[in-house]
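Worksheet: one structure, shown below.
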Amino acid sequence: MRKRLGVILCLVWSIILCGCTSAEKAEDEMYIYYINTEGNALVQEIYPKLDVKGALDKLMKPDNSTKQNVVIPEKLALERYELNKGQLILTFNNEYLQMKKSTEVLFRAAVVQTMVQVKGVTFVSFYIGEEPLKDTDGTAIGLMRAEDFVQNVGYTSDSYQTTDLRLYFSSKDGMTLKSVKKNSVHYNTNTSIEKLVVEQLMKGTSASGAQPTIPKTTKLLGVSVKDGICYVNFDSKFASDGYDQNPEVTIYSIVNSIIQNGTAAKVQILIDGSSDTLYKGTVDLSRPLEWNSALMEEKE
């Protein structure tokens, strides 16, 4: 059995922020991001600092003087918004789902990168009616930050990509690893596949027969790869919180998922930068860990 499947690039397009490339905003100003006239990139325009309502009005009802072409359904409407403890929740009508996927990702990037500049906004989440916006596999996208999207100014170019991932979550009884395929996962090329894998694991899963392994309270402090070893650094919540499952299942959901999709042959898990840990009194994290086939629910 071979533990790695090749990363499949399904879609690539350049995201070049070209509007107002020579202008830099002052401290009392902010950028509003729009989709460009070709519908394949973002442009930015400078405005005085706005509150939540003001920034949303600019995004949904842009000035006639702007040069952007907002390629979104005419009937798309922002039904309501709520700001609670740094999280801005935006609820759109069902017309949101009529956007082409490439347009939807750009629109989402424009909204998130704009709104996190507003005072009091740290994260943005999207809802469609009463339901959270979901990935193609039905998993809620959840909280978004500016860092989740490419943000380049001037002549520097970057790209969004999509890839298929095979991730390993816990089985319902918490004793084995359940394989879950996630198709067309969007990410930016500044993000390593290994970091993308961990972030997708942290989002959990709604797949039948599977359950999350990484506690929602966990913060990811860093992911890096050196000399064939992937180093994943979590905060202490990873060790103190958790689900009712075999501790090895939690650890090897991370290890196997990274090795399956990335370039590393081993994974070193750190807690607040330290490897001197016996996870849940069971799993020795003092050394890099290799692929574990014994925990697999389905042999590959």
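Going by the structure tokens order, chains are called A, B, ..., each with residues numbered from 1, while ligands are numbered from 1 in the order shown.
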Proximity of range 111-211 of chain A to range 270-294 of chain A: per-residue shortest pair, 12 Å limit, only C-alpha atoms, as a Markdown table:
```
| residue | atom | partner | partner_atom | distance |
| --- | --- | --- | --- | --- |
| A:Tyr168 | CA | A:Asn292 | CA | 11.3 |
| A:Met175 | CA | A:Ala294 | CA | 10.9 |
| A:Thr176 | CA | A:Ala294 | CA | 8.6 |
| A:Leu177 | CA | A:Ser293 | CA | 9.2 |
| A:Lys178 | CA | A:Ser293 | CA | 11.6 |
| A:Ser179 | CA | A:Ser293 | CA | 11.8 |
```
Residue list (helix (DSSP H, G or I), DSSP) for range 108-251 of chain A, as a ChimeraX atom specification: /A:108-115,146-148,193-202,237-240,247-251
Distance of CA of Leu167 in chain A from CA of Val180 in chain A, expressed in Å to one decimal place: 5.3 Å
To one decimal place in Å, what is the distance between CA of Asn94 in chain A and CA of Leu196 in chain A? 28.4 Å
Members of range 33-142 of chain A assigned strand (DSSP E) by DSSP, as a ChimeraX atom specification: /A:33-35,42-48,78-84,87-92,123-128,131-132
For the selection just defined, write its residues with C-alpha atoms to a file, as a compact mmCIF listing (two decimals), in the first residue's frame.
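Result saved to again24.txt:
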```txt
# COMPACT_ATOMS: atom_id res chain seq x y z
CA TYR A 33 -12.16 45.06 -2.30
CA TYR A 34 -14.16 44.33 -5.45
CA ILE A 35 -14.15 41.84 -8.29
CA LEU A 42 -9.77 41.64 -7.03
CA VAL A 43 -9.23 45.37 -7.15
CA GLN A 44 -9.10 47.70 -4.18
CA GLU A 45 -10.27 51.23 -3.55
CA ILE A 46 -9.47 53.52 -0.64
CA TYR A 47 -12.22 54.94 1.57
CA PRO A 48 -12.28 56.68 4.93
CA LEU A 78 -27.56 40.50 2.44
CA GLU A 79 -30.53 39.72 4.66
CA ARG A 80 -28.95 40.59 8.00
CA TYR A 81 -25.69 40.85 9.90
CA GLU A 82 -24.59 40.47 13.49
CA LEU A 83 -21.32 41.36 15.24
CA ASN A 84 -20.71 39.35 18.39
CA GLN A 87 -17.30 37.49 14.86
CA LEU A 88 -19.25 39.12 12.05
CA ILE A 89 -22.05 36.84 10.87
CA LEU A 90 -23.40 37.67 7.40
CA THR A 91 -26.62 36.03 6.24
CA PHE A 92 -27.36 36.01 2.50
CA PHE A 123 -13.56 36.85 11.95
CA VAL A 124 -16.31 36.65 9.33
CA SER A 125 -18.73 33.77 8.78
CA PHE A 126 -21.31 33.32 6.03
CA TYR A 127 -24.81 31.91 6.34
CA ILE A 128 -27.33 31.13 3.65
CA GLU A 131 -27.62 27.32 7.37
CA PRO A 132 -23.86 28.04 7.45
```
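Of the listed residues A:Glu95, A:Gly262, A:Met60, A:Ser253, the one whose atoms come nearest to Thr163 in chain A is A:Gly262, with distances taken using only C-alpha atoms.
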Find the residues of range 102-147 of chain A that sit at most 12 Å from range 208-223 of chain A; for each, write down the nearest two atoms and how far apart they are in Å, to one decimal. Count only C-alpha atoms. Sort by chain, then by number going up, and give it as CSV.
```
residue,atom,partner,partner_atom,distance
A:Asp137,CA,A:Ser208,CA,10.9
A:Gly138,CA,A:Ser208,CA,10.7
A:Thr139,CA,A:Pro212,CA,11.3
A:Gly142,CA,A:Lys216,CA,11.1
A:Leu143,CA,A:Lys216,CA,11.5
```
Let me see the file: selected residues, C-alpha atoms, as an mmCIF file, in the first residue's frame.
```cif
data_model
loop_
_atom_site.group_PDB
_atom_site.id
_atom_site.type_symbol
_atom_site.label_atom_id
_atom_site.label_comp_id
_atom_site.auth_asym_id
_atom_site.auth_seq_id
_atom_site.Cartn_x
_atom_site.Cartn_y
_atom_site.Cartn_z
ATOM 1 C CA ASP A 137 -18.657 17.856 0.916
ATOM 2 C CA GLY A 138 -21.179 19.512 3.217
ATOM 3 C CA THR A 139 -18.711 20.717 5.861
ATOM 4 C CA GLY A 142 -16.790 28.398 9.468
ATOM 5 C CA LEU A 143 -14.813 31.424 10.608
#
```
How far is it from CA of His186 in chain A to CA of Val249 in chain A, in Å with one decimal? 26.3 Å
For Ala264 in chain A: contacts at 12 Å, only C-alpha atoms, fewer than 3 positions along chain excluded, given as a JSON list (two decimals) with C-alpha atoms, in the first residue's frame:
```json
[["chain", "number", "residue", "atom", "x", "y", "z"],
["A", 3, "LYS", "CA", 0.27, 6.05, 1.77],
["A", 4, "ARG", "CA", 0.36, 9.09, -0.47],
["A", 192, "SER", "CA", 1.50, 24.71, 2.37],
["A", 193, "ILE", "CA", -0.46, 21.52, 1.75],
["A", 194, "GLU", "CA", 0.51, 20.37, 5.24],
["A", 195, "LYS", "CA", -0.99, 23.48, 6.84],
["A", 223, "VAL", "CA", 3.14, 24.20, 10.63],
["A", 224, "SER", "CA", 6.51, 23.72, 8.93],
["A", 225, "VAL", "CA", 8.39, 21.03, 7.02],
["A", 226, "LYS", "CA", 12.12, 20.40, 7.28],
["A", 227, "ASP", "CA", 14.22, 17.42, 6.25],
["A", 228, "GLY", "CA", 11.15, 15.28, 5.56],
["A", 229, "ILE", "CA", 9.54, 15.98, 8.93],
["A", 230, "CYS", "CA", 6.39, 18.07, 9.33],
["A", 231, "TYR", "CA", 6.25, 20.01, 12.61],
["A", 232, "VAL", "CA", 2.75, 20.84, 13.85],
["A", 255, "VAL", "CA", -0.09, 12.13, 11.15],
["A", 256, "ASN", "CA", -1.72, 9.98, 8.48],
["A", 257, "SER", "CA", -3.56, 12.89, 6.88],
["A", 258, "ILE", "CA", -0.37, 14.93, 6.52],
["A", 259, "ILE", "CA", 1.67, 12.04, 5.14],
["A", 260, "GLN", "CA", -1.15, 11.05, 2.78],
["A", 261, "ASN", "CA", -1.38, 14.46, 1.14],
["A", 267, "VAL", "CA", 5.15, 14.22, 11.69],
["A", 268, "GLN", "CA", 6.32, 15.81, 14.94],
["A", 288, "PRO", "CA", 8.41, 12.16, 15.00],
["A", 289, "LEU", "CA", 5.66, 9.70, 14.14],
["A", 290, "GLU", "CA", 5.26, 7.66, 10.97],
["A", 291, "TRP", "CA", 2.25, 6.36, 9.05]]
```
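Across A:Lys58, A:Phe234, A:Glu24, A:Val105, the tightest approach to Gln161 in chain A is made by A:Val105 when counting only C-alpha atoms.
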Using only C-alpha atoms for the distances, tell me which of A:Tyr187, A:Tyr252, A:Leu201, A:Leu165 is nearest to Met296 in chain A.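 With only C-alpha atoms as the atom set, the closest residue is A:Tyr252.
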Which of A:Glu27, A:Glu38, A:Asp241, A:Asp235 sits closest to Thr103 in chain A [using only C-alpha atoms]: A:Glu38
Which is closer to Glu297 in chain A than all the others in A:Ser184, A:Ala239, A:Ile254, A:Phe169, using only C-alpha atoms? A:Phe169
